[in-house]
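S.K.: Sending over coords-v7.txt (compact mmCIF, C-alpha atoms).
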# COMPACT_ATOMS: atom_id res chain seq x y z
CA ASN A 1 0.00 0.00 0.00
CA ALA A 2 1.18 3.51 -0.76
CA ILE A 3 0.63 5.99 2.09
CA GLN A 4 0.54 9.58 0.89
CA ALA A 5 2.26 11.96 3.30
CA GLY A 6 -0.04 14.63 4.68
CA ILE A 7 -3.18 12.47 4.49
CA ALA A 8 -2.83 10.17 7.48
CA SER A 9 -0.49 12.20 9.66
CA SER A 10 -2.38 11.47 12.88
CA SER A 11 -3.80 8.01 12.17
CA GLY A 12 -2.25 4.92 13.74
CA LEU A 13 -0.34 2.63 11.38
CA ASN A 14 -0.03 -1.09 12.08
CA ILE A 15 1.97 -3.13 9.57
CA GLY A 16 1.38 -6.87 9.92
CA ASN A 17 4.09 -9.53 9.90
CA THR A 18 4.04 -9.97 6.11
CA GLY A 19 2.80 -6.48 5.33
CA ILE A 20 4.70 -3.85 3.38
CA ALA A 21 3.90 -0.14 3.57
CA ASN A 22 5.48 2.38 1.21
CA LEU A 23 5.55 5.86 2.73
CA ASN A 24 6.05 8.30 -0.12
CA LEU A 25 7.14 11.61 1.34
CA SER A 26 6.45 14.96 -0.24
CA SER A 27 9.32 17.38 -0.68
CA GLY A 28 10.22 18.97 2.65
CA GLY A 29 9.56 15.88 4.75
CA PHE A 30 6.70 14.67 6.93
CA ASN A 31 5.75 15.00 10.61
CA TYR A 32 3.88 11.82 11.54
CA ASN A 33 1.87 12.07 14.78
CA GLY A 34 0.24 8.64 14.70
CA ALA A 35 1.51 5.54 16.51
CA LEU A 36 3.59 3.15 14.43
CA SER A 37 3.29 -0.54 15.35
CA GLY A 38 3.50 -4.03 13.88
CA SER A 39 6.28 -6.28 12.60
CA GLY A 40 6.24 -5.81 8.84
CA LEU A 41 8.29 -3.60 6.51
CA LEU A 42 8.07 0.19 6.22
CA ASN A 43 9.75 1.60 3.10
CA VAL A 44 10.47 5.31 3.46
CA ASN A 45 10.76 6.99 0.06
CA TYR A 46 12.24 10.49 0.29
CA ALA A 47 11.28 12.98 -2.41
CA THR A 48 14.34 15.17 -1.89
CA ALA A 49 17.74 14.27 -0.45
CA GLY A 50 17.99 15.34 3.20
CA ASP A 51 14.25 15.44 3.89
CA THR A 52 13.11 14.33 7.35
CA LEU A 53 10.48 11.83 8.47
CA ALA A 54 9.70 12.79 12.08
CA LEU A 55 7.93 10.16 14.20
CA LEU A 56 6.44 12.33 16.95
CA ASN A 57 4.19 9.87 18.79
CA ALA A 58 5.39 8.59 22.19
CA SER A 59 3.72 5.19 21.73
CA ASN A 60 5.70 3.88 18.78
CA ASN A 61 6.41 0.15 19.12
CA PHE A 62 7.53 -1.22 15.76
CA THR A 63 9.36 -4.55 15.68
CA GLY A 64 9.68 -4.77 11.93
CA ASN A 65 12.21 -3.14 9.61
CA ILE A 66 12.28 0.52 8.58
CA ALA A 67 14.09 0.91 5.25
CA LEU A 68 15.26 4.51 4.87
CA GLY A 69 15.66 5.82 1.34
CA ALA A 70 14.19 2.66 -0.14
CA ASN A 71 13.80 4.54 -3.45
CA GLY A 72 17.52 5.43 -3.52
CA THR A 73 17.19 8.97 -2.10
CA SER A 74 18.80 9.53 1.30
CA GLY A 75 17.07 11.34 4.13
CA VAL A 76 16.72 11.59 7.91
CA LEU A 77 14.59 9.62 10.37
CA GLN A 78 13.84 11.68 13.49
CA VAL A 79 12.49 9.83 16.53
CA TYR A 80 11.63 10.95 20.05
CA SER A 81 10.50 7.93 22.05
CA GLY A 82 9.32 4.35 21.67
CA THR A 83 10.77 1.00 20.66
CA PHE A 84 12.08 0.16 17.21
CA SER A 85 13.67 -3.02 15.93
CA ASN A 86 15.90 -2.87 12.85
CA ILE A 87 16.56 0.18 10.69
CA SER A 88 18.25 -0.21 7.32
CA ASP A 89 18.87 1.87 4.21
CA ASN A 90 19.45 1.31 0.53
CA GLY A 91 23.13 2.14 0.79
CA THR A 92 22.17 5.79 0.66
CA GLY A 93 23.72 6.88 3.94
CA SER A 94 20.49 8.04 5.58
CA ASP A 95 20.83 9.42 9.11
CA VAL A 96 18.89 9.00 12.33
CA THR A 97 18.34 11.85 14.79
CA VAL A 98 16.98 11.33 18.29
CA GLY A 99 15.24 14.45 19.60
CA GLY A 100 15.65 17.99 18.39
CA GLY A 101 13.47 20.06 16.12
CA SER A 102 9.96 20.99 17.19
CA GLY A 103 9.14 17.64 18.82
CA PRO A 104 9.10 16.58 22.49
CA ALA A 105 11.88 17.92 24.73
CA SER A 106 12.91 14.52 26.16
CA GLY A 107 12.37 10.82 25.69
CA THR A 108 13.83 7.32 25.52
CA VAL A 109 14.32 5.41 22.29
CA VAL A 110 15.09 1.68 22.34
CA PHE A 111 16.55 0.08 19.23
CA SER A 112 15.72 -3.46 20.32
CA GLY A 113 16.91 -5.39 17.27
CA PRO A 114 20.42 -6.72 16.58
CA ASN A 115 20.77 -5.39 13.02
CA ASN A 116 20.67 -1.64 12.56
CA THR A 117 22.37 -1.54 9.15
CA TYR A 118 21.79 2.03 8.00
CA THR A 119 25.16 3.53 7.11
CA GLY A 120 24.52 7.12 8.09
CA SER A 121 25.19 8.70 11.47
CA THR A 122 23.10 8.62 14.64
CA THR A 123 22.82 11.84 16.64
CA ILE A 124 21.44 11.82 20.19
CA ASN A 125 20.33 15.23 21.40
CA PRO A 126 20.49 16.42 25.05
CA ASN A 127 17.76 15.07 27.38
CA PHE A 128 17.26 11.98 25.21
CA THR A 129 18.32 8.40 25.98
CA VAL A 130 19.14 5.72 23.43
CA GLN A 131 19.52 2.01 24.18
CA ALA A 132 20.86 -0.19 21.40
CA ALA A 133 23.00 -3.19 20.46
CA ASN A 134 24.71 -1.96 17.30
CA PHE A 135 25.13 0.87 14.79
CA ALA A 136 26.67 0.61 11.32
CA GLY A 137 27.74 4.27 11.17
CA ASP A 138 29.02 7.00 13.47
CA VAL A 139 27.32 7.87 16.78
CA ILE A 140 27.32 11.44 18.11
CA ASN A 141 26.05 11.43 21.68
CA HIS A 142 24.98 14.63 23.43
CA GLY A 143 22.36 12.86 25.54
CA THR A 144 22.61 9.40 27.16
CA LEU A 145 23.84 6.25 25.43
CA SER A 146 23.24 2.77 26.87
CA THR A 147 23.44 -0.88 25.90
CA LEU A 148 20.42 -3.17 26.21
CA GLY A 149 21.94 -4.72 29.33
CA THR A 150 21.11 -4.56 33.03
CA GLN A 151 23.19 -4.76 36.18
CA ASN A 152 22.52 -8.49 36.50
CA SER A 153 23.21 -9.06 32.81
CA PRO A 154 25.42 -6.33 31.29
CA GLY A 155 25.28 -5.90 27.52
CA SER A 156 27.40 -4.66 24.64
CA LEU A 157 27.08 -2.00 21.95
CA ASN A 158 29.08 -2.30 18.75
CA ILE A 159 29.61 0.85 16.67
CA ALA A 160 31.15 0.19 13.27
CA GLY A 161 31.98 3.87 12.86
CA ASN A 162 33.32 6.39 15.35
CA LEU A 163 31.87 7.33 18.73
CA VAL A 164 31.85 10.99 19.75
CA SER A 165 30.36 11.60 23.19
CA THR A 166 29.96 14.84 25.11
CA GLY A 167 27.00 13.48 27.08
CA VAL A 168 26.51 10.44 29.29
CA ILE A 169 27.54 6.84 28.66
CA THR A 170 25.88 4.33 31.00
CA VAL A 171 27.92 1.35 32.24
CA PHE A 172 26.41 -1.45 34.34
CA VAL A 173 28.88 -3.46 36.48
CA ASN A 174 28.25 -6.39 38.82
CA GLY A 175 31.64 -7.30 40.21
CA VAL A 176 32.32 -9.82 37.43
CA THR A 177 31.34 -8.28 34.08
CA SER A 178 30.33 -4.90 32.71
CA ASP A 179 28.68 -3.20 29.78
CA SER A 180 31.12 -2.80 26.89
CA TYR A 181 31.29 -0.44 23.93
CA THR A 182 33.35 -1.03 20.79
CA ALA A 183 34.00 1.51 18.03
CA ALA A 184 36.45 2.26 15.26
CA GLY A 185 37.61 5.32 17.15
CA ALA A 186 36.33 7.38 20.06
CA THR A 187 36.46 11.02 21.14
CA LEU A 188 35.14 11.25 24.66
CA SER A 189 34.20 13.86 27.25
CA GLY A 190 31.32 14.17 29.69
CA LEU A 191 30.24 11.46 32.13
CA ILE A 192 30.49 7.70 32.50
CA ASN A 193 27.47 6.84 34.65
CA VAL A 194 28.44 3.72 36.60
CA LYS A 195 25.58 1.63 38.00
CA GLY A 196 26.32 -1.42 40.10
CA SER A 197 28.76 -2.71 42.67
CA GLY A 198 31.89 -4.78 43.25
CA THR A 199 35.66 -4.32 43.06
CA ASN A 200 37.13 -4.96 39.62
CA GLN A 201 38.65 -3.50 36.47
CA TYR A 202 36.64 -3.52 33.24
CA ALA A 203 37.36 -2.68 29.59
CA ILE A 204 34.37 -0.46 28.87
CA VAL A 205 35.38 1.18 25.55
CA THR A 206 37.52 -0.72 23.05
CA THR A 207 38.64 0.79 19.73
CA THR A 208 40.86 -0.08 16.78
CA GLN A 209 41.94 3.48 15.99
CA GLY A 210 42.51 4.94 19.43
CA ILE A 211 40.69 7.00 22.03
CA THR A 212 40.93 10.78 22.38
CA ILE A 213 39.96 12.32 25.72
CA THR A 214 38.75 15.90 25.43
CA GLY A 215 39.96 17.61 28.58
CA THR A 216 41.40 15.73 31.55
CA LEU A 217 40.63 12.16 32.56
CA ASN A 218 38.79 11.86 35.91
CA ASP A 219 37.98 15.56 35.86
CA PRO A 220 34.57 17.27 35.53
CA ASN A 221 35.98 19.37 32.70
CA GLY A 222 37.01 16.28 30.78
CA LEU A 223 35.86 12.67 31.09
CA THR A 224 34.85 11.46 34.51
CA THR A 225 32.65 8.94 36.31
CA ASN A 226 29.71 9.83 38.52
CA ALA A 227 30.62 11.14 41.98
CA ALA A 228 31.98 8.57 44.43
CA THR A 229 29.89 7.61 47.45
CA ALA A 230 30.86 6.24 50.84
CA LEU A 231 30.43 2.61 49.76
CA PHE A 232 31.28 2.65 46.05
CA SER A 233 33.82 4.56 44.00
CA SER A 234 35.10 4.44 40.43
CA SER A 235 37.81 5.94 38.24
CA LEU A 236 39.01 5.76 34.63
CA SER A 237 42.33 4.91 33.02
CA LEU A 238 43.70 4.22 29.55
CA ASP A 239 45.68 1.10 28.71
CA PRO A 240 49.27 1.54 27.40
CA THR A 241 48.19 1.29 23.75
CA ASN A 242 45.58 4.03 24.28
CA ASP A 243 42.98 1.89 22.51
CA ILE A 244 40.97 0.80 25.57
CA LEU A 245 39.23 2.84 28.24
CA LEU A 246 39.32 1.02 31.59
CA LEU A 247 36.92 1.43 34.48
CA ASN A 248 38.21 0.71 37.98
CA THR A 249 35.65 0.18 40.75
CA THR A 250 35.98 -0.25 44.51
CA GLN A 251 33.26 -1.63 46.78
CA ASN A 252 33.79 -0.80 50.44
CA SER A 253 32.66 -2.93 53.35
CA LEU A 254 29.38 -2.20 55.11
CA SER A 255 30.92 -3.26 58.41
CA GLY A 256 33.04 -0.13 58.50
CA PHE A 257 29.90 1.98 58.88
CA ALA A 258 28.09 -0.15 61.49
CA ILE A 259 27.78 1.41 64.97
CA THR A 260 25.62 -0.84 67.11
CA PRO A 261 25.97 -4.63 67.62
CA ASN A 262 22.78 -5.13 65.65
CA GLN A 263 24.12 -3.11 62.70
CA ARG A 264 27.41 -5.01 62.80
CA ALA A 265 25.54 -8.30 62.70
CA VAL A 266 23.57 -7.19 59.63
CA ALA A 267 26.70 -5.88 57.89
CA SER A 268 28.62 -9.10 58.52
CA VAL A 269 25.90 -11.06 56.72
CA LEU A 270 25.67 -8.66 53.77
CA ASP A 271 29.38 -7.99 53.19
CA PRO A 272 30.14 -11.35 51.50
CA LEU A 273 27.42 -10.56 48.96
CA THR A 274 28.66 -7.10 47.98
CA GLN A 275 31.52 -8.01 45.66
CA SER A 276 29.49 -10.21 43.29
CA PRO A 277 25.88 -9.64 44.34
CA PRO A 278 23.21 -12.25 43.51
CA PRO A 279 20.44 -10.89 41.23
CA ALA A 280 17.96 -10.56 44.09
CA PHE A 281 20.43 -8.57 46.20
CA ALA A 282 21.75 -6.30 43.42
CA PRO A 283 18.95 -3.65 43.55
CA LEU A 284 19.32 -3.31 47.33
CA LEU A 285 23.09 -2.94 47.06
CA THR A 286 22.73 -0.32 44.33
CA THR A 287 20.50 1.65 46.71
CA LEU A 288 22.98 1.26 49.58
CA ASN A 289 25.81 2.42 47.31
CA GLY A 290 23.99 5.69 46.74
CA LEU A 291 23.77 6.55 50.44
CA SER A 292 25.99 8.90 52.41
CA ALA A 293 28.14 7.68 55.29
CA ALA A 294 25.60 9.02 57.79
CA GLN A 295 22.71 7.22 56.10
CA ILE A 296 24.28 3.74 56.00
CA PRO A 297 23.93 2.90 59.75
CA VAL A 298 20.28 3.94 59.59
CA ALA A 299 19.73 1.68 56.57
CA LEU A 300 21.39 -1.27 58.33
CA GLU A 301 19.09 -0.75 61.29
CA GLU A 302 16.03 -0.62 59.05
CA LEU A 303 16.94 -3.90 57.38
CA THR A 304 16.65 -5.88 60.61
CA PRO A 305 15.31 -3.73 63.45
CA GLU A 306 16.35 -4.79 66.95
CA SER A 307 12.67 -5.11 67.84
CA LEU A 308 12.45 -8.24 65.67
CA GLN A 309 14.41 -10.25 68.24
CA TYR A 310 11.68 -9.59 70.81
CA SER A 311 9.04 -10.80 68.35
CA ARG A 312 10.82 -14.13 68.29
CA MET A 313 10.94 -14.22 72.11
CA ILE A 314 7.24 -13.38 72.33
CA ALA A 315 6.43 -16.22 69.91
CA PHE A 316 8.34 -18.72 72.05
CA GLU A 317 6.73 -17.44 75.25
CA ASN A 318 3.26 -17.78 73.73
CA ALA A 319 4.01 -21.34 72.65
CA THR A 320 5.32 -22.22 76.12
CA PHE A 321 2.22 -20.74 77.77
CA MET A 322 -0.05 -22.71 75.43
CA VAL A 323 1.75 -25.99 76.21
CA GLN A 324 1.49 -25.31 79.94
CA LYS A 325 -2.22 -24.57 79.63
CA VAL A 326 -2.88 -27.77 77.66
CA ASN A 327 -0.87 -29.82 80.18
CA GLY A 328 -2.93 -28.35 82.99
CA MET A 329 -6.21 -29.21 81.27
CA LEU A 330 -5.02 -32.78 80.63
CA GLY A 331 -4.03 -33.08 84.28
CA ASP A 332 -7.49 -31.93 85.33
CA MET A 333 -9.10 -34.53 83.08
CA ARG A 334 -6.98 -37.29 84.61
CA SER A 335 -8.19 -36.13 88.03
CA GLY A 336 -11.82 -36.48 86.94
CA TYR A 337 -12.63 -32.80 86.56
CA THR A 338 -14.79 -31.65 83.66
Any chance you could give the structure as structure tokens?
M.R.:
Amino acid sequence: NAIQAGIASSSGLNIGNTGIANLNLSSGGFNYNGALSGSGLLNVNYATAGDTLALLNASNNFTGNIALGANGTSGVLQVYSGTFSNISDNGTGSDVTVGGGSGPASGTVVFSGPNNTYTGSTTINPNFTVQAANFAGDVINHGTLSTLGTQNSPGSLNIAGNLVSTGVITVFVNGVTSDSYTAAGATLSGLINVKGSGTNQYAIVTTTQGITITGTLNDPNGLTTNAATALFSSSLSLDPTNDILLLNTTQNSLSGFAITPNQRAVASVLDPLTQSPPPAFAPLLTTLNGLSAAQIPVALEELTPESLQYSRMIAFENATFMVQKVNGMLGDMRSGYT
């Protein structure tokens, strides 16, 4: 089916599994306000090189393929939020822009598929977050860039072109593994936002053509990690070949912040779990890692309040009283009393 730009700009579009929709843009581009969904194929045919298809709806959830410049004319796909699977082009070098223009001021875009094969660049504007597994071209990040991983299961993001980041790069660590980014080359400044726990060293950015740090490493005016807390700290370093950016993390002991015997008992149980936390414990440890030194003793007390030990005593006392009462009644029955 051919969809004429300007006719169905606010209508929802669902492309079925075997469906193919040809979006023929008029010169100057097209702002589409409807929700895009389905798992078929969307061919975007640009009338003029450099025209923009802007997907403005916040509810986009398209698991099919978007073929940019399917008619051989390159253009731009502008997205603001939602989930997309694979984006390709016809070898035309079409670009993708996240945010900007007259659309929403912030949002999160998830490229959930493994094969984004469009050869143009991807630009992430400030206040926008992108999660992805791969890009075939360059990535210019002024917002937040993340893998598809989590703290329990870190992921990877492969960039065939160059990575330029002045914004935030998110890195999940769990004491054993971490998120990893690979690129041809990298020019980095801004922030590495470390989420997780454990003491280890991780290769978080690996390149084949070297890494350039704009400004000073471990400095707010250059490339730095998020501020260290009482329990968890991190720093950056470059390997001798200058091709790998290393993240060094340190997880401190909870016991060092315990004040009362009850807090020390809680800390002694939790400390063995902090270096490589089990999945169920990881969210709690991440929360603890964000606390100040003064807040940690309070948190330890809240985890197992001292009053709980009296609850156990009361339970035993009640059971003992019940046994004594039953024994007394049985004794009365043996004596012939009703």
S.K.: So how far away is atom CA of A:Asn65 from atom CA of A:Thr48, in Å?
M.R.: 21.7 Å
S.K.: Using all atoms listed in the file, can you tell me which of A:Gly185, A:Pro272, A:Gly72, A:Gly290 comes closest to A:Asn242?
M.R.: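 For A:Asn242, the nearest of the given residues is A:Gly185.
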S.K.: Take atom CA of A:Asn248 and atom CA of A:Leu223 and report the distance between them in Å, one decimal.
M.R.: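 The value is 14.0 Å.
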S.K.: Please identify all polymer residues within 10 Å of A:Gly99, counting all atoms listed in the file, omitting same-chain residues fewer than 3 positions from it, and present them as a PyMOL selection string.
M.R.: chain A and resi 54+56+78-81+96+102-109+123-129+143
S.K.: Give me, as a PyMOL selection string, all polymer residues having an atom no more than 6 Å from A:Tyr181, counting only C-alpha atoms and skipping those fewer than 2 positions away in the same chain.
M.R.: chain A and resi 156-158+204-205
S.K.: From the options A:Gly196, A:Gly120, A:Gly34, A:Gly28, which residue's atoms come nearest to A:Ser10, counting only C-alpha atoms?
M.R.: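 Nearest candidate to A:Ser10 out of A:Gly196, A:Gly120, A:Gly34, A:Gly28: A:Gly34.
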S.K.: Please tell me which residues are no farther than 9 Å from (40.7, 3.4, 28.0) in the file, counting only C-alpha atoms, and write them as a list of chain:residue names.
M.R.: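 I get A:Ala203, A:Ile204, A:Val205, A:Thr206, A:Thr207, A:Gly210, A:Ile211, A:Leu236, A:Ser237, A:Leu238, A:Asp239, A:Pro240, A:Thr241, A:Asn242, A:Asp243, A:Ile244, A:Leu245, A:Leu246, A:Leu247 for the residues within 9 Å of that point.
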S.K.: Tell me which of A:Ala184, A:Ala267, A:Ala258, A:Leu145 sits closest to A:Thr166, counting only C-alpha atoms.
M.R.: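 The closest residue to A:Thr166 is A:Leu145.
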S.K.: Ranking A:Val98, A:Val139, A:Ile259, A:Ala67 by minimum distance to A:Tyr118 and counting all atoms listed in the file, which one comes first?
M.R.: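 Ranked by minimum distance to A:Tyr118, first place goes to A:Ala67.
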S.K.: So that I can check the surroundings of A:Phe30, please list as a ChimeraX atom specification every protein, DNA and RNA residue that reaches within 7 Å of it, counting only C-alpha atoms and ignoring chain neighbours fewer than 4 positions away.
M.R.: /A:5,25,52-54
S.K.: Using all atoms listed in the file, list the residues that have an atom at most 12 Å from (34.7, 16.9, 34.9), coordinates as in the file, as a CSV table (one decimal) with C-alpha atoms, in the coordinates of the input.
M.R.:
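New file out.csv:
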chain,number,residue,atom,x,y,z
A,166,THR,CA,30.0,14.8,25.1
A,167,GLY,CA,27.0,13.5,27.1
A,168,VAL,CA,26.5,10.4,29.3
A,188,LEU,CA,35.1,11.2,24.7
A,189,SER,CA,34.2,13.9,27.2
A,190,GLY,CA,31.3,14.2,29.7
A,191,LEU,CA,30.2,11.5,32.1
A,192,ILE,CA,30.5,7.7,32.5
A,213,ILE,CA,40.0,12.3,25.7
A,214,THR,CA,38.8,15.9,25.4
A,215,GLY,CA,40.0,17.6,28.6
A,216,THR,CA,41.4,15.7,31.6
A,217,LEU,CA,40.6,12.2,32.6
A,218,ASN,CA,38.8,11.9,35.9
A,219,ASP,CA,38.0,15.6,35.9
A,220,PRO,CA,34.6,17.3,35.5
A,221,ASN,CA,36.0,19.4,32.7
A,222,GLY,CA,37.0,16.3,30.8
A,223,LEU,CA,35.9,12.7,31.1
A,224,THR,CA,34.8,11.5,34.5
A,225,THR,CA,32.6,8.9,36.3
A,226,ASN,CA,29.7,9.8,38.5
A,227,ALA,CA,30.6,11.1,42.0
A,235,SER,CA,37.8,5.9,38.2
A,236,LEU,CA,39.0,5.8,34.6
S.K.: Using atom CA of A:Ser165 and atom CA of A:Asn193 as the two end points, give the distance in Å to one decimal.
M.R.: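 Value for the atom CA of A:Ser165-atom CA of A:Asn193 distance: 12.7 Å.
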S.K.: Which residue gives the smallest distance to A:Asn252 among A:Pro297, A:Pro305, A:Gly198, A:Gly50, with only C-alpha atoms counted?
M.R.: A:Gly198
S.K.: Mind checking which residues fall within 8 Å of A:Ser112, counting all atoms listed in the file, ignoring those fewer than 4 positions away in the same chain, and posting them as a list of chain:residue names?
M.R.: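 So, after excluding close chain neighbours, the residues are A:Thr63, A:Thr83, A:Phe84, A:Ser85, A:Asn86, A:Gln131, A:Ala132, A:Ala133, A:Leu148.
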S.K.: Kindly output stretch 132-148 of chain A as a PDB file, in the frame of the given file, after building N, CA and C atoms.
M.R.:
ATOM      1  N   ALA A 132      20.710   0.530  22.661  1.00  0.00           N
ATOM      2  CA  ALA A 132      20.860  -0.190  21.400  1.00  0.00           C
ATOM      3  C   ALA A 132      21.928  -1.271  21.532  1.00  0.00           C
ATOM      4  N   ALA A 133      22.001  -2.125  20.499  1.00  0.00           N
ATOM      5  CA  ALA A 133      23.000  -3.190  20.460  1.00  0.00           C
ATOM      6  C   ALA A 133      24.058  -2.938  19.404  1.00  0.00           C
ATOM      7  N   ASN A 134      23.713  -2.213  18.339  1.00  0.00           N
ATOM      8  CA  ASN A 134      24.710  -1.960  17.300  1.00  0.00           C
ATOM      9  C   ASN A 134      24.307  -0.787  16.421  1.00  0.00           C
ATOM     10  N   PHE A 135      25.323  -0.158  15.808  1.00  0.00           N
ATOM     11  CA  PHE A 135      25.130   0.870  14.790  1.00  0.00           C
ATOM     12  C   PHE A 135      26.165   0.649  13.700  1.00  0.00           C
ATOM     13  N   ALA A 136      25.752   0.827  12.435  1.00  0.00           N
ATOM     14  CA  ALA A 136      26.670   0.610  11.320  1.00  0.00           C
ATOM     15  C   ALA A 136      27.467   1.856  10.965  1.00  0.00           C
ATOM     16  N   GLY A 137      27.040   3.025  11.470  1.00  0.00           N
ATOM     17  CA  GLY A 137      27.740   4.270  11.170  1.00  0.00           C
ATOM     18  C   GLY A 137      28.273   4.935  12.416  1.00  0.00           C
ATOM     19  N   ASP A 138      28.515   6.237  12.334  1.00  0.00           N
ATOM     20  CA  ASP A 138      29.020   7.000  13.470  1.00  0.00           C
ATOM     21  C   ASP A 138      27.891   7.288  14.468  1.00  0.00           C
ATOM     22  N   VAL A 139      28.264   7.486  15.732  1.00  0.00           N
ATOM     23  CA  VAL A 139      27.320   7.870  16.780  1.00  0.00           C
ATOM     24  C   VAL A 139      27.831   9.143  17.441  1.00  0.00           C
ATOM     25  N   ILE A 140      26.992  10.190  17.434  1.00  0.00           N
ATOM     26  CA  ILE A 140      27.320  11.440  18.110  1.00  0.00           C
ATOM     27  C   ILE A 140      26.359  11.583  19.279  1.00  0.00           C
ATOM     28  N   ASN A 141      26.881  11.478  20.480  1.00  0.00           N
ATOM     29  CA  ASN A 141      26.050  11.430  21.680  1.00  0.00           C
ATOM     30  C   ASN A 141      26.168  12.711  22.493  1.00  0.00           C
ATOM     31  N   HIS A 142      25.078  13.477  22.542  1.00  0.00           N
ATOM     32  CA  HIS A 142      24.980  14.630  23.430  1.00  0.00           C
ATOM     33  C   HIS A 142      23.985  14.374  24.551  1.00  0.00           C
ATOM     34  N   GLY A 143      23.341  13.223  24.522  1.00  0.00           N
ATOM     35  CA  GLY A 143      22.360  12.860  25.540  1.00  0.00           C
ATOM     36  C   GLY A 143      22.897  11.728  26.398  1.00  0.00           C
ATOM     37  N   THR A 144      22.191  10.581  26.391  1.00  0.00           N
ATOM     38  CA  THR A 144      22.610   9.400  27.160  1.00  0.00           C
ATOM     39  C   THR A 144      22.601   8.194  26.247  1.00  0.00           C
ATOM     40  N   LEU A 145      23.694   7.448  26.261  1.00  0.00           N
ATOM     41  CA  LEU A 145      23.840   6.250  25.430  1.00  0.00           C
ATOM     42  C   LEU A 145      23.984   5.039  26.333  1.00  0.00           C
ATOM     43  N   SER A 146      23.214   3.974  26.048  1.00  0.00           N
ATOM     44  CA  SER A 146      23.240   2.770  26.870  1.00  0.00           C
ATOM     45  C   SER A 146      23.181   1.530  25.994  1.00  0.00           C
ATOM     46  N   THR A 147      23.656   0.410  26.535  1.00  0.00           N
ATOM     47  CA  THR A 147      23.440  -0.880  25.900  1.00  0.00           C
ATOM     48  C   THR A 147      22.031  -1.361  26.257  1.00  0.00           C
ATOM     49  N   LEU A 148      21.697  -2.563  25.842  1.00  0.00           N
ATOM     50  CA  LEU A 148      20.420  -3.170  26.210  1.00  0.00           C
ATOM     51  C   LEU A 148      20.548  -3.993  27.478  1.00  0.00           C
TER      52      LEU A 148
END
